[in-house]
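Following: one structure in C-alpha cells, then a few remarks.
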Amino acid sequence: MSTQEQQQQQPQQQQHVGEQQVKSTSTSVSTIPTISESKELTGLTHECGVFGAIACGDWPTQIDIAHVLCLGLVALQHRGQESAGIATSEGKCSKNFNVHKGMGMISTLFNDDSMKKLRGNLGIGHTRYSTAGGSGVVNCQPFVVHTAHGAMALAHNGELVNNESLRREVLGRGVGLSTHSDSELIAQSLCCAPEDVSELEGPDWPARIRHFMTLAPLSYSLVIMLTDKIYAVRDTYGNRPLCIGKIMPINSGHAGHGLSDAPADGWVVSSESCGFLSIGARYVREVEPGEIVELTRSGYRTVDIVERPDFKRMAFCIFEYVYFARGDSIFEGQMVYSVRLQCGRQLWREAPVEADLVSSVPESGTAAAHGYARESGLEFAEVLCRNRYVGRTFIQPSTRLRQLGVAKKFGALSENVAGKRLVLIDDSIVRGNTIGPIIKLLRDAGAKEVHIRIASPPLQYPCYMGINIPTREELIANKLNADQLARHVGADSLSYLSVAGLVQAVQLKQSTGGDGEGKSKGHCTACLTGEYPGGLPDDLSW
C-alpha cells in the first residue's frame, strides 16, 4: 500500500485487459468506524504485516492451515489494525482460492464460519494499517488475480519507491489498473512474462519475480501464493523484514529432537518471528536481501538471489528496532528487546542526569528504561498506569477537560512519584502532542522534577518506504530543538539518543555472516538523516 493512495482514489470502473481480479468467496466489511477514521494524530503507523504457511507431507493435511494463518496474523496485529485477509489453496485447483478479507481487527473478521471456508493446505495472510485516504475494502489484501496459468495471491509489506515508473511500464503493456495500490501493481507486473524468458513449458515464476525485482529496487517483502507453492521475496536492500519458521511435530519437544533433525510438519514465513512459538513453529532464519525462497510440501529452497549494486549497502529499517517490531522478534540474529535495552544503556552514557528513579511511557519505552536504569545504577519503578480500555472515542472532551490537558490513557502511581526526580524514557517523539499531558499528570501527582529521555534520534524526515511518518512540517523536531521542546512540553530537560548511538546499539551484538560486514550490514536511517537508500520517490503524473 503506497503513500500515493492517500492522494486520490481512482473509480473502480476500469477493467483489467490482461488479468481479472478473483472474486472472494467471502468478504467482511466492518460497520464499526475504522481506526483511521478516529485515530489521534500522535505517532507512527506501520502499514502492514505478511504471513504464509504450507503443510508438509500428504495432502489434505491434518494441520489447520487457516488457524495457523489466523494466529500468525494475530501476532502481527501491532503492524496493522485496520484490515486483514487470508487466502488459502487446497493445492490441486489452479482456478480459484478460498479468500476472506475485510475491514477491522482480526478477532472481529475471522469466526468459525469464515475459518471453515478457508480450508486448505497452504495459504497467505495480511494485516494492514493504511495511510489517510487509503482505507477501503478495495485495498484489503491478499490481492488475488487470475493469470493465464491460474490464480495468484499476493501480500505486500512496504512501499514502492518507483511506483510511477513501474505503473507506466505496466500500463504500457495494455494492462488496466483499478486501484492505486502498490500490491495490485506488483501482481499485474508478475502476470506478464519478461520478453527474454521462454515459457514454452509453463510459467517461470522465479524469472518473473526476478524481472520485477530489477524494475523495483525497494521497498517490499512479499509472500506470493500459487496453486501448490509459496514464494517469499525480500527486496535487495532488505528494507522490510521477512523470516522463515519451521512447524515442529507436536511430540518433538519430548523426543529430544533439535531444530535441524526434527521432521517438519510445515513451514511458515512472516514479517516477524514473534508469533512462531504460539503456532508450534521455531525460528529458522531470515530471508536474505534479494532472495527468492520457494516453499513447497517438500520444504523450502533458495531459487534465486538478486544482487544490489556493489556500491550500495543493505538498508534494513532501523525503526523496526526502535518502535515497530514486537520485543520478542528476532532481526539479524538478535532479539529486538536486547537492542532496545542497549539503546537505554547508550542513552545514559550520552545524556546522564541526577535523579531518584527511572521510568517509562508504557510499554514502548520500557526496555530502554531498564537499560538506562541498569547503566546508571538508578532504581527503575513504574510511575504510569495505562488504561487498556481507552480505544476509539466518540465523545469530544469538554473545554474544561481540554484545558486540563488530561492524559486520558494513563494514570499516575502517586506513591512512586511524589517528591521524586524522575527520568521518563520514551522510544520516540513524532508530533510532540502526547508527552506534555503526561508530564503534567506526573507533576500533578507530586513529581519534583521530570526529565525526558528519548531512546532514538529526532525524527526529521518523512518515510517513503512503508512507514506513515508525517510531513516535515508536522514533525516537532523540525520546529523545536531539544531545549525548546523541553520548555514547550514542561520538562526540566529533554535529550535524544544520537544517530551514532542508535547505530552502535543496533550493531553491538549483531551477528555477522552473509557477504561480510562491508556490503551485508547497513541500516536505513532516512527518517533521521534524510539519506534515502533508493533516492526520493517518483512524483505522480496523473
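All residue names refer to the C-alpha cells as shown: chains lettered A, B, ... in order, residues numbered from 1 in each chain, ligands numbered from 1 in order.
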I'd like a table as a Markdown table: residues in stretch 241-352 of chain A with an atom no more than 12 Å from stretch 446-453 of chain A, each row giving the shortest atom pair and its distance in Å to one decimal, only C-alpha atoms counted, sorted by chain and rising residue number.
```
| residue | atom | partner | partner_atom | distance |
| --- | --- | --- | --- | --- |
| A:Cys343 | CA | A:Arg453 | CA | 11.0 |
| A:Gly344 | CA | A:Arg453 | CA | 9.1 |
| A:Arg345 | CA | A:Arg453 | CA | 11.6 |
| A:Gln346 | CA | A:Arg453 | CA | 11.3 |
| A:Leu347 | CA | A:Arg453 | CA | 7.6 |
| A:Trp348 | CA | A:Arg453 | CA | 8.8 |
| A:Arg349 | CA | A:Arg453 | CA | 11.7 |
| A:Glu350 | CA | A:Arg453 | CA | 10.3 |
| A:Ala351 | CA | A:Arg453 | CA | 7.7 |
| A:Pro352 | CA | A:Arg453 | CA | 9.3 |
```
Q | strand (DSSP E) residues, from DSSP on the backbone, in stretch 380-485 of chain A, as a PyMOL selection string | A | chain A and resi 380+384-386+410-412+421-426+449-454+467-468
Write to file, as a PDB file, in the first residue's frame, the residues of the selection just made, with C-alpha atoms.
```pdb
ATOM      1  CA  PHE A 380      13.514   1.560  37.987  1.00  0.00           C
ATOM      2  CA  LEU A 384       2.284   5.431  34.871  1.00  0.00           C
ATOM      3  CA  CYS A 385      -0.644   3.037  34.831  1.00  0.00           C
ATOM      4  CA  ARG A 386      -2.075   2.501  31.364  1.00  0.00           C
ATOM      5  CA  PHE A 410      -2.708   6.967  31.746  1.00  0.00           C
ATOM      6  CA  GLY A 411      -2.998   7.292  35.457  1.00  0.00           C
ATOM      7  CA  ALA A 412      -0.120   8.216  37.791  1.00  0.00           C
ATOM      8  CA  ARG A 421      13.136  13.491  40.493  1.00  0.00           C
ATOM      9  CA  LEU A 422      12.053  11.330  37.568  1.00  0.00           C
ATOM     10  CA  VAL A 423      13.713  10.286  34.351  1.00  0.00           C
ATOM     11  CA  LEU A 424      10.960   9.294  31.934  1.00  0.00           C
ATOM     12  CA  ILE A 425      12.020   7.252  28.891  1.00  0.00           C
ATOM     13  CA  ASP A 426      10.051   7.040  25.649  1.00  0.00           C
ATOM     14  CA  GLU A 449      11.385  17.066  38.500  1.00  0.00           C
ATOM     15  CA  VAL A 450      10.604  15.343  35.196  1.00  0.00           C
ATOM     16  CA  HIS A 451      13.476  14.730  32.779  1.00  0.00           C
ATOM     17  CA  ILE A 452      12.581  13.291  29.382  1.00  0.00           C
ATOM     18  CA  ARG A 453      14.985  10.971  27.568  1.00  0.00           C
ATOM     19  CA  ILE A 454      14.157   9.667  24.091  1.00  0.00           C
ATOM     20  CA  ILE A 467       6.069   3.828   7.291  1.00  0.00           C
ATOM     21  CA  ASN A 468       3.454   6.524   7.749  1.00  0.00           C
TER      22      ASN A 468
END
```
Q: Write out as a list in words the residues lying within 8 Å of A:Leu185, counting only C-alpha atoms and excluding same-chain residues fewer than 5 positions away.
A: Leu166, Arg167, Val170, Leu177 and His180 of chain A
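The shortest atom-to-atom distance to A:Val506, with only C-alpha atoms taken into account, belongs to A:Glu332 out of A:Glu332, A:Asp492, A:Glu382, A:Asp483.
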Q | Spatial neighbours of A:Leu222, max dist 8 Å, only C-alpha atoms, sep filter under 5 positions, as JSON, numbers by chain | A | {"A": [50, 154, 155, 156, 157, 231, 232, 233, 234]}
How about saving the chosen residues, C-alpha atoms kept, as a PDB file, in the first residue's frame?
```pdb
ATOM      1  CA  VAL A  50       2.551 -10.577   5.954  1.00  0.00           C
ATOM      2  CA  LEU A 154      -0.014 -11.677  -3.178  1.00  0.00           C
ATOM      3  CA  ALA A 155       0.515  -9.910   0.145  1.00  0.00           C
ATOM      4  CA  HIS A 156       2.903  -6.991   0.402  1.00  0.00           C
ATOM      5  CA  ASN A 157       4.654  -5.090   3.184  1.00  0.00           C
ATOM      6  CA  TYR A 231       7.324 -17.646  -2.815  1.00  0.00           C
ATOM      7  CA  ALA A 232       8.867 -15.425  -0.125  1.00  0.00           C
ATOM      8  CA  VAL A 233      10.640 -12.376  -1.529  1.00  0.00           C
ATOM      9  CA  ARG A 234      12.628  -9.572   0.058  1.00  0.00           C
TER      10      ARG A 234
END
```
(Q) For A:Arg119, find every residue with an atom within 9 Å (counting only C-alpha atoms), except residues of its own chain fewer than 5 positions away, and show them as a ChimeraX atom specification. (A) /A:64-66,88-90,98
Write out, as a compact mmCIF listing (two decimals), in the first residue's frame, the residues just selected, with all heavy atoms.
```
# COMPACT_ATOMS: atom_id res chain seq x y z
N ASP A 64 -4.39 -27.49 10.66
CA ASP A 64 -5.40 -26.49 10.32
C ASP A 64 -4.67 -25.23 9.85
O ASP A 64 -4.34 -24.34 10.64
CB ASP A 64 -6.27 -26.20 11.53
CG ASP A 64 -7.48 -25.34 11.20
OD1 ASP A 64 -7.45 -24.65 10.16
OD2 ASP A 64 -8.44 -25.34 11.98
N ILE A 65 -4.40 -25.17 8.54
CA ILE A 65 -3.62 -24.06 7.99
C ILE A 65 -4.31 -22.72 8.22
O ILE A 65 -3.65 -21.72 8.54
CB ILE A 65 -3.37 -24.29 6.48
CG1 ILE A 65 -2.35 -25.41 6.29
CG2 ILE A 65 -2.87 -23.01 5.81
CD1 ILE A 65 -0.95 -25.09 6.79
N ALA A 66 -5.63 -22.67 8.08
CA ALA A 66 -6.35 -21.42 8.30
C ALA A 66 -6.15 -20.91 9.73
O ALA A 66 -5.97 -19.71 9.96
CB ALA A 66 -7.84 -21.61 8.01
N THR A 88 -6.36 -19.08 0.93
CA THR A 88 -5.82 -20.44 1.04
C THR A 88 -6.05 -21.21 -0.26
O THR A 88 -6.91 -20.87 -1.06
CB THR A 88 -6.47 -21.22 2.20
OG1 THR A 88 -7.88 -21.36 1.94
CG2 THR A 88 -6.24 -20.52 3.53
N SER A 89 -5.25 -22.25 -0.42
CA SER A 89 -5.37 -23.14 -1.58
C SER A 89 -5.32 -24.58 -1.10
O SER A 89 -4.59 -24.91 -0.17
CB SER A 89 -4.23 -22.87 -2.57
OG SER A 89 -4.18 -23.87 -3.57
N GLU A 90 -6.09 -25.42 -1.75
CA GLU A 90 -6.04 -26.85 -1.42
C GLU A 90 -4.94 -27.56 -2.19
O GLU A 90 -4.71 -28.75 -1.98
CB GLU A 90 -7.40 -27.48 -1.71
CG GLU A 90 -8.50 -26.93 -0.79
CD GLU A 90 -9.83 -27.60 -1.00
OE1 GLU A 90 -9.86 -28.78 -1.40
OE2 GLU A 90 -10.86 -26.94 -0.77
N ASN A 98 -9.63 -19.90 -1.82
CA ASN A 98 -10.57 -19.52 -0.77
C ASN A 98 -10.07 -18.23 -0.14
O ASN A 98 -8.93 -18.18 0.33
CB ASN A 98 -10.68 -20.62 0.29
CG ASN A 98 -11.08 -21.95 -0.32
OD1 ASN A 98 -11.99 -22.03 -1.12
ND2 ASN A 98 -10.37 -23.02 0.06
```
